[in-house]
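So this one's structure.cif, mmCIF, C-alpha atoms and all ligand atoms:
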data_final
#
loop_
_atom_site.group_PDB
_atom_site.id
_atom_site.type_symbol
_atom_site.label_atom_id
_atom_site.label_comp_id
_atom_site.auth_asym_id
_atom_site.auth_seq_id
_atom_site.Cartn_x
_atom_site.Cartn_y
_atom_site.Cartn_z
ATOM 1 C CA MET A 146 8.427 8.734 7.824
ATOM 2 C CA PRO A 147 11.769 9.805 6.382
ATOM 3 C CA ILE A 148 13.891 7.387 4.377
ATOM 4 C CA THR A 149 17.527 6.892 5.356
ATOM 5 C CA PRO A 150 19.557 6.011 2.256
ATOM 6 C CA THR A 151 21.575 2.796 2.230
ATOM 7 C CA GLU A 152 24.229 1.575 -0.222
ATOM 8 C CA LYS A 153 22.435 -0.283 -2.979
ATOM 9 C CA ILE A 154 19.049 -0.903 -4.561
ATOM 10 C CA TRP A 155 18.302 -3.973 -6.668
ATOM 11 C CA MET A 156 16.901 -2.919 -10.064
ATOM 12 C CA ASN A 157 16.040 -5.415 -12.787
ATOM 13 C CA GLY A 158 18.702 -7.904 -11.796
ATOM 14 C CA GLU A 159 21.490 -5.586 -10.669
ATOM 15 C CA LEU A 160 22.488 -3.925 -7.422
ATOM 16 C CA VAL A 161 22.933 -0.256 -8.309
ATOM 17 C CA PRO A 162 24.101 2.634 -6.100
ATOM 18 C CA TRP A 163 21.193 4.176 -4.140
ATOM 19 C CA ASP A 164 21.294 7.482 -6.035
ATOM 20 C CA ASP A 165 21.244 5.744 -9.416
ATOM 21 C CA ALA A 166 17.963 3.917 -8.759
ATOM 22 C CA ARG A 167 15.929 6.302 -10.938
ATOM 23 C CA ILE A 168 12.988 5.975 -13.315
ATOM 24 C CA HIS A 169 11.623 8.104 -16.155
ATOM 25 C CA VAL A 170 8.759 10.512 -15.424
ATOM 26 C CA LEU A 171 6.711 8.773 -18.114
ATOM 27 C CA THR A 172 6.904 5.412 -16.312
ATOM 28 C CA HIS A 173 3.486 3.838 -16.838
ATOM 29 C CA THR A 174 2.724 2.967 -13.203
ATOM 30 C CA LEU A 175 3.434 6.518 -12.043
ATOM 31 C CA HIS A 176 0.437 7.594 -14.137
ATOM 32 C CA TYR A 177 -2.041 4.748 -13.645
ATOM 33 C CA GLY A 178 -1.245 3.058 -10.306
ATOM 34 C CA MET A 179 -0.855 -0.472 -11.692
ATOM 35 C CA GLY A 180 2.053 -1.619 -9.551
ATOM 36 C CA VAL A 181 2.381 -4.328 -6.913
ATOM 37 C CA PHE A 182 4.577 -4.131 -3.866
ATOM 38 C CA GLU A 183 5.441 -5.644 -0.510
ATOM 39 C CA GLY A 184 6.565 -4.394 2.877
ATOM 40 C CA ILE A 185 8.880 -6.819 4.683
ATOM 41 C CA ARG A 186 11.026 -6.491 7.799
ATOM 42 C CA ALA A 187 14.416 -7.963 8.607
ATOM 43 C CA TYR A 188 15.278 -8.218 12.304
ATOM 44 C CA GLU A 189 18.597 -8.554 14.047
ATOM 45 C CA THR A 190 19.313 -12.104 15.154
ATOM 46 C CA PRO A 191 22.499 -13.776 16.433
ATOM 47 C CA ASP A 192 22.826 -15.377 12.954
ATOM 48 C CA GLY A 193 22.641 -12.054 11.081
ATOM 49 C CA PRO A 194 19.551 -10.305 9.718
ATOM 50 C CA GLY A 195 16.523 -12.603 9.671
ATOM 51 C CA ILE A 196 13.927 -11.705 7.048
ATOM 52 C CA PHE A 197 10.526 -12.471 8.499
ATOM 53 C CA ARG A 198 8.322 -14.664 6.270
ATOM 54 C CA LEU A 199 10.155 -13.486 3.160
ATOM 55 C CA THR A 200 8.860 -16.327 0.983
ATOM 56 C CA ASP A 201 5.264 -15.630 2.028
ATOM 57 C CA HIS A 202 5.648 -11.946 1.138
ATOM 58 C CA ILE A 203 7.142 -12.713 -2.281
ATOM 59 C CA THR A 204 4.370 -15.255 -2.901
ATOM 60 C CA ARG A 205 1.760 -12.583 -2.112
ATOM 61 C CA MET A 206 3.500 -10.164 -4.496
ATOM 62 C CA PHE A 207 3.140 -12.733 -7.299
ATOM 63 C CA GLN A 208 -0.517 -13.203 -6.376
ATOM 64 C CA SER A 209 -1.062 -9.438 -6.512
ATOM 65 C CA ALA A 210 0.552 -9.425 -9.970
ATOM 66 C CA GLN A 211 -1.631 -12.344 -11.048
ATOM 67 C CA ILE A 212 -4.744 -10.370 -10.029
ATOM 68 C CA LEU A 213 -3.562 -7.403 -12.146
ATOM 69 C CA GLY A 214 -2.623 -9.642 -15.075
ATOM 70 C CA MET A 215 0.990 -8.520 -14.712
ATOM 71 C CA GLU A 216 3.760 -10.954 -15.575
ATOM 72 C CA ILE A 217 6.788 -10.477 -13.350
ATOM 73 C CA PRO A 218 9.846 -11.439 -15.441
ATOM 74 C CA TYR A 219 11.492 -13.314 -12.542
ATOM 75 C CA THR A 220 10.631 -16.396 -10.526
ATOM 76 C CA PRO A 221 9.649 -16.099 -6.858
ATOM 77 C CA GLU A 222 12.903 -17.915 -5.992
ATOM 78 C CA GLU A 223 14.889 -15.285 -7.901
ATOM 79 C CA LEU A 224 13.201 -12.447 -6.010
ATOM 80 C CA VAL A 225 13.722 -14.218 -2.669
ATOM 81 C CA ALA A 226 17.438 -14.485 -3.501
ATOM 82 C CA ALA A 227 17.526 -10.875 -4.752
ATOM 83 C CA THR A 228 15.934 -9.646 -1.510
ATOM 84 C CA LYS A 229 18.523 -11.495 0.561
ATOM 85 C CA ALA A 230 21.321 -10.055 -1.594
ATOM 86 C CA THR A 231 19.917 -6.532 -1.231
ATOM 87 C CA VAL A 232 19.727 -6.788 2.566
ATOM 88 C CA ALA A 233 23.234 -8.262 2.705
ATOM 89 C CA SER A 234 24.593 -5.440 0.507
ATOM 90 C CA THR A 235 23.549 -2.823 3.064
ATOM 91 C CA GLY A 236 25.287 -4.451 6.022
ATOM 92 C CA LEU A 237 22.264 -3.519 8.167
ATOM 93 C CA ALA A 238 21.316 -5.748 11.085
ATOM 94 C CA SER A 239 17.633 -4.846 10.693
ATOM 95 C CA CYS A 240 15.640 -2.954 8.081
ATOM 96 C CA TYR A 241 12.365 -2.495 6.212
ATOM 97 C CA ILE A 242 12.321 -3.963 2.703
ATOM 98 C CA ARG A 243 10.225 -2.687 -0.210
ATOM 99 C CA PRO A 244 10.078 -4.809 -3.381
ATOM 100 C CA ILE A 245 7.956 -3.331 -6.172
ATOM 101 C CA ALA A 246 6.991 -4.476 -9.676
ATOM 102 C CA TYR A 247 5.635 -1.861 -12.044
ATOM 103 C CA PHE A 248 4.852 -1.212 -15.669
ATOM 104 C CA GLY A 249 7.829 0.639 -17.071
ATOM 105 C CA TYR A 250 8.668 3.335 -19.577
ATOM 106 C CA GLY A 251 7.822 3.030 -23.264
ATOM 107 C CA GLU A 252 4.039 2.789 -23.517
ATOM 108 C CA MET A 253 1.339 5.247 -22.496
ATOM 109 C CA GLY A 254 -2.406 4.629 -22.307
ATOM 110 C CA LEU A 255 -4.503 2.272 -20.254
ATOM 111 C CA ASN A 256 -3.650 -0.880 -22.136
ATOM 112 C CA THR A 257 -0.998 -2.579 -20.010
ATOM 113 C CA LEU A 258 -0.594 -5.568 -22.346
ATOM 114 C CA PRO A 259 2.373 -4.144 -24.315
ATOM 115 C CA CYS A 260 4.102 -2.697 -21.222
ATOM 116 C CA SER A 261 7.410 -3.920 -19.863
ATOM 117 C CA VAL A 262 7.494 -4.946 -16.193
ATOM 118 C CA ASP A 263 10.329 -3.608 -14.051
ATOM 119 C CA VAL A 264 11.212 -4.784 -10.562
ATOM 120 C CA SER A 265 13.193 -3.159 -7.804
ATOM 121 C CA ILE A 266 13.977 -3.981 -4.173
ATOM 122 C CA ALA A 267 15.111 -1.344 -1.698
ATOM 123 C CA CYS A 268 15.722 -1.499 2.027
ATOM 124 C CA TRP A 269 16.480 1.027 4.730
ATOM 125 C CA PRO A 270 16.263 1.348 8.528
ATOM 126 C CA TRP A 271 12.690 2.056 9.642
ATOM 127 C CA GLY A 272 11.409 2.555 13.188
ATOM 128 C CA ALA A 273 8.051 1.925 14.821
ATOM 129 C CA TYR A 274 5.297 2.780 12.324
ATOM 130 C CA LEU A 275 2.615 3.928 14.784
ATOM 131 C CA GLY A 276 5.010 5.253 17.439
ATOM 132 C CA ASP A 277 7.473 3.665 19.847
ATOM 133 C CA ASP A 278 4.892 3.071 22.543
ATOM 134 C CA ALA A 279 2.127 1.763 20.274
ATOM 135 C CA LEU A 280 2.029 -1.622 22.006
ATOM 136 C CA THR A 281 2.084 -0.371 25.574
ATOM 137 C CA LYS A 282 0.170 2.898 25.308
ATOM 138 C CA GLY A 283 -2.109 2.243 22.363
ATOM 139 C CA VAL A 284 -3.139 4.362 19.392
ATOM 140 C CA ARG A 285 -6.200 6.548 18.886
ATOM 141 C CA MET A 286 -8.304 5.525 15.913
ATOM 142 C CA LYS A 287 -11.045 7.208 13.938
ATOM 143 C CA ILE A 288 -13.552 5.576 11.636
ATOM 144 C CA SER A 289 -12.861 7.047 8.234
ATOM 145 C CA SER A 290 -15.334 8.955 6.123
ATOM 146 C CA TRP A 291 -13.704 7.057 3.225
ATOM 147 C CA THR A 292 -15.077 3.604 2.403
ATOM 148 C CA ARG A 293 -12.775 0.629 1.725
ATOM 149 C CA HIS A 294 -12.740 -0.515 -1.890
ATOM 150 C CA ASP A 295 -15.446 -2.813 -3.106
ATOM 151 C CA HIS A 296 -14.122 -6.054 -4.677
ATOM 152 C CA ASN A 297 -15.408 -5.031 -8.088
ATOM 153 C CA THR A 298 -13.937 -1.529 -7.902
ATOM 154 C CA MET A 299 -10.332 -2.154 -6.882
ATOM 155 C CA PRO A 300 -9.144 -5.626 -5.859
ATOM 156 C CA PRO A 301 -8.393 -5.268 -2.126
ATOM 157 C CA ALA A 302 -6.676 -8.676 -1.978
ATOM 158 C CA ALA A 303 -3.944 -7.337 -4.262
ATOM 159 C CA LYS A 304 -1.322 -5.094 -2.690
ATOM 160 C CA THR A 305 -1.335 -2.610 -5.553
ATOM 161 C CA THR A 306 0.068 0.893 -5.530
ATOM 162 C CA GLY A 307 -3.236 2.360 -6.754
ATOM 163 C CA ASN A 308 -5.173 0.851 -3.848
ATOM 164 C CA TYR A 309 -3.262 3.133 -1.514
ATOM 165 C CA VAL A 310 -4.992 6.279 -2.765
ATOM 166 C CA ASN A 311 -7.851 5.071 -0.571
ATOM 167 C CA SER A 312 -5.518 4.412 2.379
ATOM 168 C CA SER A 313 -3.686 7.743 2.078
ATOM 169 C CA LEU A 314 -6.905 9.747 1.924
ATOM 170 C CA ALA A 315 -8.081 8.043 5.102
ATOM 171 C CA LYS A 316 -4.713 8.339 6.868
ATOM 172 C CA VAL A 317 -4.335 12.069 6.247
ATOM 173 C CA GLU A 318 -7.940 12.725 7.230
ATOM 174 C CA ALA A 319 -7.383 10.903 10.548
ATOM 175 C CA LEU A 320 -4.075 12.642 11.274
ATOM 176 C CA LYS A 321 -5.536 16.081 10.526
ATOM 177 C CA ALA A 322 -8.401 15.344 12.904
ATOM 178 C CA GLY A 323 -5.858 14.572 15.645
ATOM 179 C CA TYR A 324 -5.972 10.754 15.570
ATOM 180 C CA ASP A 325 -3.156 8.262 14.922
ATOM 181 C CA GLU A 326 -4.825 6.016 12.382
ATOM 182 C CA ALA A 327 -8.034 5.460 10.415
ATOM 183 C CA LEU A 328 -10.292 2.453 10.454
ATOM 184 C CA MET A 329 -12.051 1.637 7.206
ATOM 185 C CA LEU A 330 -15.564 0.240 6.817
ATOM 186 C CA ASN A 331 -16.519 -1.555 3.601
ATOM 187 C CA PRO A 332 -19.454 -0.608 1.343
ATOM 188 C CA GLN A 333 -21.712 -2.905 3.419
ATOM 189 C CA GLY A 334 -20.755 -0.973 6.560
ATOM 190 C CA PHE A 335 -18.691 -3.712 8.208
ATOM 191 C CA VAL A 336 -15.169 -3.262 9.527
ATOM 192 C CA SER A 337 -12.523 -4.015 6.916
ATOM 193 C CA GLU A 338 -9.046 -2.944 8.063
ATOM 194 C CA CYS A 339 -6.909 0.129 8.724
ATOM 195 C CA THR A 340 -4.933 2.087 6.159
ATOM 196 C CA GLY A 341 -1.956 -0.267 6.594
ATOM 197 C CA GLU A 342 -2.922 -2.850 9.224
ATOM 198 C CA ASN A 343 -5.385 -5.647 9.922
ATOM 199 C CA VAL A 344 -7.693 -5.451 12.925
ATOM 200 C CA PHE A 345 -8.342 -7.758 15.900
ATOM 201 C CA VAL A 346 -11.160 -7.039 18.350
ATOM 202 C CA ALA A 347 -11.811 -8.944 21.591
ATOM 203 C CA ARG A 348 -15.448 -9.524 22.437
ATOM 204 C CA LYS A 349 -16.650 -11.949 25.096
ATOM 205 C CA GLY A 350 -13.089 -13.123 25.709
ATOM 206 C CA ARG A 351 -12.146 -14.076 22.143
ATOM 207 C CA PHE A 352 -10.592 -12.228 19.245
ATOM 208 C CA ILE A 353 -12.426 -11.612 16.004
ATOM 209 C CA THR A 354 -10.652 -10.477 12.827
ATOM 210 C CA PRO A 355 -12.518 -9.563 9.623
ATOM 211 C CA PRO A 356 -12.463 -11.968 6.656
ATOM 212 C CA LEU A 357 -10.929 -11.289 3.235
ATOM 213 C CA SER A 358 -14.445 -10.709 1.927
ATOM 214 C CA SER A 359 -14.546 -7.583 4.119
ATOM 215 C CA GLY A 360 -12.067 -5.987 1.699
ATOM 216 C CA ALA A 361 -9.004 -6.479 3.897
ATOM 217 C CA LEU A 362 -5.588 -7.490 2.647
ATOM 218 C CA GLU A 363 -4.646 -11.082 3.536
ATOM 219 C CA GLY A 364 -2.162 -9.907 6.136
ATOM 220 C CA ILE A 365 0.908 -11.984 6.854
ATOM 221 C CA THR A 366 1.104 -10.490 10.355
ATOM 222 C CA GLN A 367 -2.608 -11.287 10.757
ATOM 223 C CA SER A 368 -1.748 -14.917 10.035
ATOM 224 C CA THR A 369 1.327 -14.874 12.324
ATOM 225 C CA VAL A 370 -0.584 -13.287 15.171
ATOM 226 C CA SER A 371 -3.528 -15.697 14.776
ATOM 227 C CA THR A 372 -1.126 -18.630 15.167
ATOM 228 C CA ILE A 373 0.634 -17.022 18.138
ATOM 229 C CA ALA A 374 -2.679 -16.180 19.837
ATOM 230 C CA ALA A 375 -3.996 -19.723 19.397
ATOM 231 C CA ASP A 376 -0.714 -21.194 20.713
ATOM 232 C CA LEU A 377 -0.981 -18.900 23.742
ATOM 233 C CA GLY A 378 -4.431 -20.361 24.354
ATOM 234 C CA PHE A 379 -6.558 -17.454 23.113
ATOM 235 C CA GLU A 380 -9.509 -18.052 20.834
ATOM 236 C CA VAL A 381 -9.390 -16.299 17.461
ATOM 237 C CA THR A 382 -12.158 -16.423 14.884
ATOM 238 C CA VAL A 383 -12.641 -14.780 11.517
ATOM 239 C CA GLY A 384 -15.890 -12.892 11.395
ATOM 240 C CA GLU A 385 -17.790 -9.757 10.544
ATOM 241 C CA LEU A 386 -17.465 -6.797 12.890
ATOM 242 C CA ALA A 387 -19.829 -3.857 13.074
ATOM 243 C CA ARG A 388 -18.812 -0.380 14.151
ATOM 244 C CA SER A 389 -20.403 -0.809 17.553
ATOM 245 C CA ASP A 390 -18.335 -3.948 18.218
ATOM 246 C CA LEU A 391 -15.321 -1.629 18.262
ATOM 247 C CA TYR A 392 -16.896 0.833 20.679
ATOM 248 C CA ILE A 393 -17.495 -1.927 23.233
ATOM 249 C CA ALA A 394 -14.320 -3.954 22.533
ATOM 250 C CA GLU A 395 -12.732 -5.521 25.599
ATOM 251 C CA GLU A 396 -9.364 -5.210 23.833
ATOM 252 C CA MET A 397 -8.329 -4.253 20.367
ATOM 253 C CA PHE A 398 -5.109 -4.228 18.373
ATOM 254 C CA VAL A 399 -4.006 -3.658 14.812
ATOM 255 C CA CYS A 400 -1.106 -5.415 13.142
ATOM 256 C CA GLY A 401 1.056 -5.302 10.059
ATOM 257 C CA THR A 402 4.671 -5.674 9.044
ATOM 258 C CA ALA A 403 5.375 -1.990 9.588
ATOM 259 C CA ALA A 404 3.076 -1.456 12.613
ATOM 260 C CA GLU A 405 3.851 -4.873 14.195
ATOM 261 C CA VAL A 406 1.320 -5.320 17.052
ATOM 262 C CA SER A 407 -0.125 -1.966 18.139
ATOM 263 C CA ALA A 408 -2.773 -1.729 20.841
ATOM 264 C CA VAL A 409 -5.807 0.487 20.246
ATOM 265 C CA ALA A 410 -6.614 2.925 23.058
ATOM 266 C CA SER A 411 -9.795 4.379 21.554
ATOM 267 C CA VAL A 412 -12.066 4.377 18.532
ATOM 268 C CA ASP A 413 -13.943 7.618 17.836
ATOM 269 C CA ASP A 414 -13.001 8.687 21.393
ATOM 270 C CA ARG A 415 -14.669 5.644 22.986
ATOM 271 C CA GLU A 416 -11.945 4.309 25.233
ATOM 272 C CA ILE A 417 -10.838 0.691 25.057
ATOM 273 C CA PRO A 418 -8.817 -0.910 27.893
ATOM 274 C CA SER A 419 -5.265 -0.628 26.589
ATOM 275 C CA PRO A 420 -3.092 -2.507 26.365
ATOM 276 C CA GLY A 421 -5.290 -5.450 27.255
ATOM 277 C CA PRO A 422 -3.533 -8.444 28.811
ATOM 278 C CA MET A 423 -4.101 -10.691 25.761
ATOM 279 C CA THR A 424 -2.857 -7.963 23.401
ATOM 280 C CA LEU A 425 0.264 -7.457 25.489
ATOM 281 C CA ALA A 426 1.023 -11.195 25.608
ATOM 282 C CA ILE A 427 0.547 -11.522 21.841
ATOM 283 C CA GLY A 428 2.607 -8.397 21.119
ATOM 284 C CA GLU A 429 5.484 -9.561 23.293
ATOM 285 C CA GLU A 430 5.456 -13.040 21.723
ATOM 286 C CA TYR A 431 5.413 -11.416 18.260
ATOM 287 C CA HIS A 432 8.453 -9.336 19.247
ATOM 288 C CA ARG A 433 10.355 -12.516 20.189
ATOM 289 C CA THR A 434 9.082 -14.491 17.193
ATOM 290 C CA VAL A 435 10.313 -12.071 14.521
ATOM 291 C CA ARG A 436 13.756 -12.077 16.151
ATOM 292 C CA GLY A 437 13.972 -15.863 15.931
ATOM 293 C CA GLU A 438 13.752 -16.304 19.697
ATOM 294 C CA VAL A 439 10.810 -18.730 19.675
ATOM 295 C CA ASP A 440 11.844 -22.218 18.562
ATOM 296 C CA ARG A 441 8.522 -23.328 17.138
ATOM 297 C CA TYR A 442 8.350 -20.325 14.804
ATOM 298 C CA LYS A 443 12.007 -20.319 13.728
ATOM 299 C CA ASP A 444 11.178 -21.425 10.171
ATOM 300 C CA TRP A 445 9.520 -18.047 9.585
ATOM 301 C CA VAL A 446 12.890 -16.313 9.940
ATOM 302 C CA GLU A 447 14.783 -16.561 6.635
ATOM 303 C CA HIS A 448 18.502 -15.834 6.515
ATOM 304 C CA ALA A 449 20.681 -14.911 3.588
ATOM 305 C CA GLU A 450 22.719 -17.986 2.581
HETATM 306 N N1 LIG A 501 -3.696 -3.976 5.265
HETATM 307 C C1 LIG A 501 -3.094 -3.040 4.516
HETATM 308 C C2 LIG A 501 -3.948 -2.106 3.746
HETATM 309 C C3 LIG A 501 -1.707 -2.952 4.492
HETATM 310 O O1 LIG A 501 -1.118 -2.017 3.751
HETATM 311 C C4 LIG A 501 -0.938 -3.841 5.260
HETATM 312 C C5 LIG A 501 0.549 -3.749 5.265
HETATM 313 C C6 LIG A 501 -1.617 -4.812 6.033
HETATM 314 C C7 LIG A 501 -2.989 -4.854 6.004
HETATM 315 C C8 LIG A 501 -0.872 -5.826 6.849
HETATM 316 O O2 LIG A 501 -0.229 -6.738 6.014
HETATM 317 P P1 LIG A 501 1.069 -7.539 6.466
HETATM 318 O O3 LIG A 501 2.200 -6.589 6.440
HETATM 319 O O4 LIG A 501 1.175 -8.631 5.463
HETATM 320 O O5 LIG A 501 0.810 -8.045 7.824
HETATM 321 N N2 LIG A 501 1.036 -2.417 5.224
HETATM 322 C C9 LIG A 501 2.423 -2.098 4.954
HETATM 323 C C10 LIG A 501 2.703 -0.624 5.190
HETATM 324 C C11 LIG A 501 2.055 0.280 4.256
HETATM 325 C C12 LIG A 501 2.904 1.451 4.010
HETATM 326 O O6 LIG A 501 3.500 1.485 2.950
HETATM 327 O O7 LIG A 501 3.001 2.330 4.859
HETATM 328 C C13 LIG A 501 3.380 -2.801 5.892
HETATM 329 O O8 LIG A 501 3.015 -3.067 7.032
HETATM 330 O O9 LIG A 501 4.518 -3.023 5.477
#
Translate this file's structure into structure tokens.
Ligand code: PPE
Amino acid sequence: MPITPTEKIWMNGELVPWDDARIHVLTHTLHYGMGVFEGIRAYETPDGPGIFRLTDHITRMFQSAQILGMEIPYTPEELVAATKATVASTGLASCYIRPIAYFGYGEMGLNTLPCSVDVSIACWPWGAYLGDDALTKGVRMKISSWTRHDHNTMPPAAKTTGNYVNSSLAKVEALKAGYDEALMLNPQGFVSECTGENVFVARKGRFITPPLSSGALEGITQSTVSTIAADLGFEVTVGELARSDLYIAEEMFVCGTAAEVSAVASVDDREIPSPGPMTLAIGEEYHRTVRGEVDRYKDWVEHAE
């Protein structure tokens, strides 16, 4: 999806003009994929842009860095404040936010220990990730020929730049085959997640979402949606899903910061009732929640001071 430039990007402590946010071609992470990043959304609210679960996203970024053995030269509080300042500098009512920490210029070779760590935060307006009607019409999914990373190959719990080679291969394969998104199985053959979303499948009236051990990212939307679903009176459990569970799903949706709640209309051309009534209720409540319209979830919406 195209990027629309905004005014400023935060780079290593400073807000610099958009066009000046450049890096050297010998930047370490460009070569070896050892970077950690986040995808966050700010939504329009009557009190200005509300950044949804900002602190949780920054916390996960530090956990991703911890897994890589990367020391981010800022505190989480500093990056929370920097994110708010970046959003405020654009004057946008809503946007997508992309913080990234990466090994910088100056060292080459696989040893990251001597490398500097650089951090930047950019934001820009971004529309619906899987299409405007993803909640109401549903997306067509294909099980990928690519397998999700094994825990001892690439750490799936870390949101690292390098992990997305796997996701991009699967995404492009699915798009070229005429589908909207790919579903990834892990090396044991169980459902893990999509290229950029977690998965929820309804069987026998309750939702099942795969555990972290399946190789899925610990999704913040997955956690939000699990809370919303339970509060709406739907049962949600964490559990293993086999391929055939998807083919006979009563309802299915995928969720992520970018994709929000998107219904699934079919998997490998097996149709799934879409959007199911539970999916629709959860998706609509998510829509209100991120905009600060649901009192009990208001603490998730973080405003610039
Ligand atoms: N799994 C993967 C692999 C993933 O990339 C995401 C986010 C999720 C699950 C859902 O996580 P969360 O956003 O915390 O609910 N994917 C980001 C988009 C990837 C992209 O760059 O494109 C996102 O939603 O921002």
- Using only C-alpha atoms and all ligand atoms, which of A:Glu395, A:Glu152, A:Asp201, A:Asp413 sits nearest ligand LIG 501 (chain A)? A:Asp201
- Polymer residues at most 8 Å from range 313-328 of chain A, all atoms listed in the file, same-chain spacing of 5 or more positions, as number ranges by chain: A: 275, 284-291, 336-340
Which residues, written as a PDB file with C-alpha atoms, keeping the file's coordinate frame, have at least one atom at most 8 Å from Glu447 in chain A, with only C-alpha atoms counted and residues fewer than 4 positions away on the same chain left out?
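The result, stored in part-v9.pdb:
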ATOM      1  CA  GLY A 195      16.523 -12.603   9.671  1.00  0.00           C
ATOM      2  CA  ILE A 196      13.927 -11.705   7.048  1.00  0.00           C
ATOM      3  CA  PHE A 197      10.526 -12.471   8.499  1.00  0.00           C
ATOM      4  CA  ARG A 198       8.322 -14.664   6.270  1.00  0.00           C
ATOM      5  CA  LEU A 199      10.155 -13.486   3.160  1.00  0.00           C
TER       6      LEU A 199
END
Proximity check chain A to ligand LIG 501 (chain A), 6 Å, nearest pairs one decimal Å, all atoms listed in the file, as CSV:
residue,atom,partner,partner_atom,distance
A:Gly184,CA,A:LIG501,O9,3.6
A:Ile185,CA,A:LIG501,O9,5.8
A:Thr340,CA,A:LIG501,C2,4.9
A:Gly341,CA,A:LIG501,C3,3.4
A:Glu342,CA,A:LIG501,C7,3.8
A:Asn343,CA,A:LIG501,C7,4.7
A:Leu362,CA,A:LIG501,N1,4.8
A:Gly364,CA,A:LIG501,O4,3.6
A:Ile365,CA,A:LIG501,O4,3.6
A:Thr366,CA,A:LIG501,O5,3.5
A:Gln367,CA,A:LIG501,O5,5.5
A:Gly401,CA,A:LIG501,O5,3.5
A:Thr402,CA,A:LIG501,O8,3.7
A:Ala403,CA,A:LIG501,O8,3.6
A:Ala404,CA,A:LIG501,O8,5.8
- Write out as a PyMOL selection string each polymer residue whose atoms come within 9 Å of Gly249 in chain A, counting only C-alpha atoms; drop sequence neighbours fewer than 3 positions from it. chain A and resi 168-169+171-175+252+260-263
- Message: Counting all atoms listed in the file, which residues have an atom no more than 10 Å from (10.2, -16.2, -2.5) in the file's coordinates? Please list them as a VMD selection string.
- Response: chain A and resid 198 to 207 220 to 228
- Can you give me, as a VMD selection string, the residues this file yields under the PyMOL selection byres (((chain A and resi 154) around 8) and not hetatm)? chain A and resid 152 to 153 155 to 156 160 to 163 166 231 265 to 268
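For the choices A:Asn297, A:Cys240, A:Lys282, A:Tyr250, the atom-to-atom distance to Arg167 in chain A is smallest for A:Tyr250 when using all atoms listed in the file.
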- Query: Quick one, how far is CA of Arg388 in chain A from CA of Met329 in chain A?
  - Reply: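 Distance reported for this atom pair: 9.9 Å.
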- Step by step, work through what the PyMOL selection byres (((chain A and resi 424-435) around 10) and not hetatm) selects in the shown file, and finish by giving those residues as a ChimeraX atom specification. /A:186-190,195-198,280-281,345-347,352,366,369-377,379,396-400,405-409,419-423,436-443,445-446
Would you save the residues of that selection, restricted to C-alpha atoms, as an mmCIF file, keeping the file's coordinate frame?
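Output file out_20.cif follows:
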data_model
loop_
_atom_site.group_PDB
_atom_site.id
_atom_site.type_symbol
_atom_site.label_atom_id
_atom_site.label_comp_id
_atom_site.auth_asym_id
_atom_site.auth_seq_id
_atom_site.Cartn_x
_atom_site.Cartn_y
_atom_site.Cartn_z
ATOM 1 C CA ARG A 186 11.026 -6.491 7.799
ATOM 2 C CA ALA A 187 14.416 -7.963 8.607
ATOM 3 C CA TYR A 188 15.278 -8.218 12.304
ATOM 4 C CA GLU A 189 18.597 -8.554 14.047
ATOM 5 C CA THR A 190 19.313 -12.104 15.154
ATOM 6 C CA GLY A 195 16.523 -12.603 9.671
ATOM 7 C CA ILE A 196 13.927 -11.705 7.048
ATOM 8 C CA PHE A 197 10.526 -12.471 8.499
ATOM 9 C CA ARG A 198 8.322 -14.664 6.270
ATOM 10 C CA LEU A 280 2.029 -1.622 22.006
ATOM 11 C CA THR A 281 2.084 -0.371 25.574
ATOM 12 C CA PHE A 345 -8.342 -7.758 15.900
ATOM 13 C CA VAL A 346 -11.160 -7.039 18.350
ATOM 14 C CA ALA A 347 -11.811 -8.944 21.591
ATOM 15 C CA PHE A 352 -10.592 -12.228 19.245
ATOM 16 C CA THR A 366 1.104 -10.490 10.355
ATOM 17 C CA THR A 369 1.327 -14.874 12.324
ATOM 18 C CA VAL A 370 -0.584 -13.287 15.171
ATOM 19 C CA SER A 371 -3.528 -15.697 14.776
ATOM 20 C CA THR A 372 -1.126 -18.630 15.167
ATOM 21 C CA ILE A 373 0.634 -17.022 18.138
ATOM 22 C CA ALA A 374 -2.679 -16.180 19.837
ATOM 23 C CA ALA A 375 -3.996 -19.723 19.397
ATOM 24 C CA ASP A 376 -0.714 -21.194 20.713
ATOM 25 C CA LEU A 377 -0.981 -18.900 23.742
ATOM 26 C CA PHE A 379 -6.558 -17.454 23.113
ATOM 27 C CA GLU A 396 -9.364 -5.210 23.833
ATOM 28 C CA MET A 397 -8.329 -4.253 20.367
ATOM 29 C CA PHE A 398 -5.109 -4.228 18.373
ATOM 30 C CA VAL A 399 -4.006 -3.658 14.812
ATOM 31 C CA CYS A 400 -1.106 -5.415 13.142
ATOM 32 C CA GLU A 405 3.851 -4.873 14.195
ATOM 33 C CA VAL A 406 1.320 -5.320 17.052
ATOM 34 C CA SER A 407 -0.125 -1.966 18.139
ATOM 35 C CA ALA A 408 -2.773 -1.729 20.841
ATOM 36 C CA VAL A 409 -5.807 0.487 20.246
ATOM 37 C CA SER A 419 -5.265 -0.628 26.589
ATOM 38 C CA PRO A 420 -3.092 -2.507 26.365
ATOM 39 C CA GLY A 421 -5.290 -5.450 27.255
ATOM 40 C CA PRO A 422 -3.533 -8.444 28.811
ATOM 41 C CA MET A 423 -4.101 -10.691 25.761
ATOM 42 C CA ARG A 436 13.756 -12.077 16.151
ATOM 43 C CA GLY A 437 13.972 -15.863 15.931
ATOM 44 C CA GLU A 438 13.752 -16.304 19.697
ATOM 45 C CA VAL A 439 10.810 -18.730 19.675
ATOM 46 C CA ASP A 440 11.844 -22.218 18.562
ATOM 47 C CA ARG A 441 8.522 -23.328 17.138
ATOM 48 C CA TYR A 442 8.350 -20.325 14.804
ATOM 49 C CA LYS A 443 12.007 -20.319 13.728
ATOM 50 C CA TRP A 445 9.520 -18.047 9.585
ATOM 51 C CA VAL A 446 12.890 -16.313 9.940
#
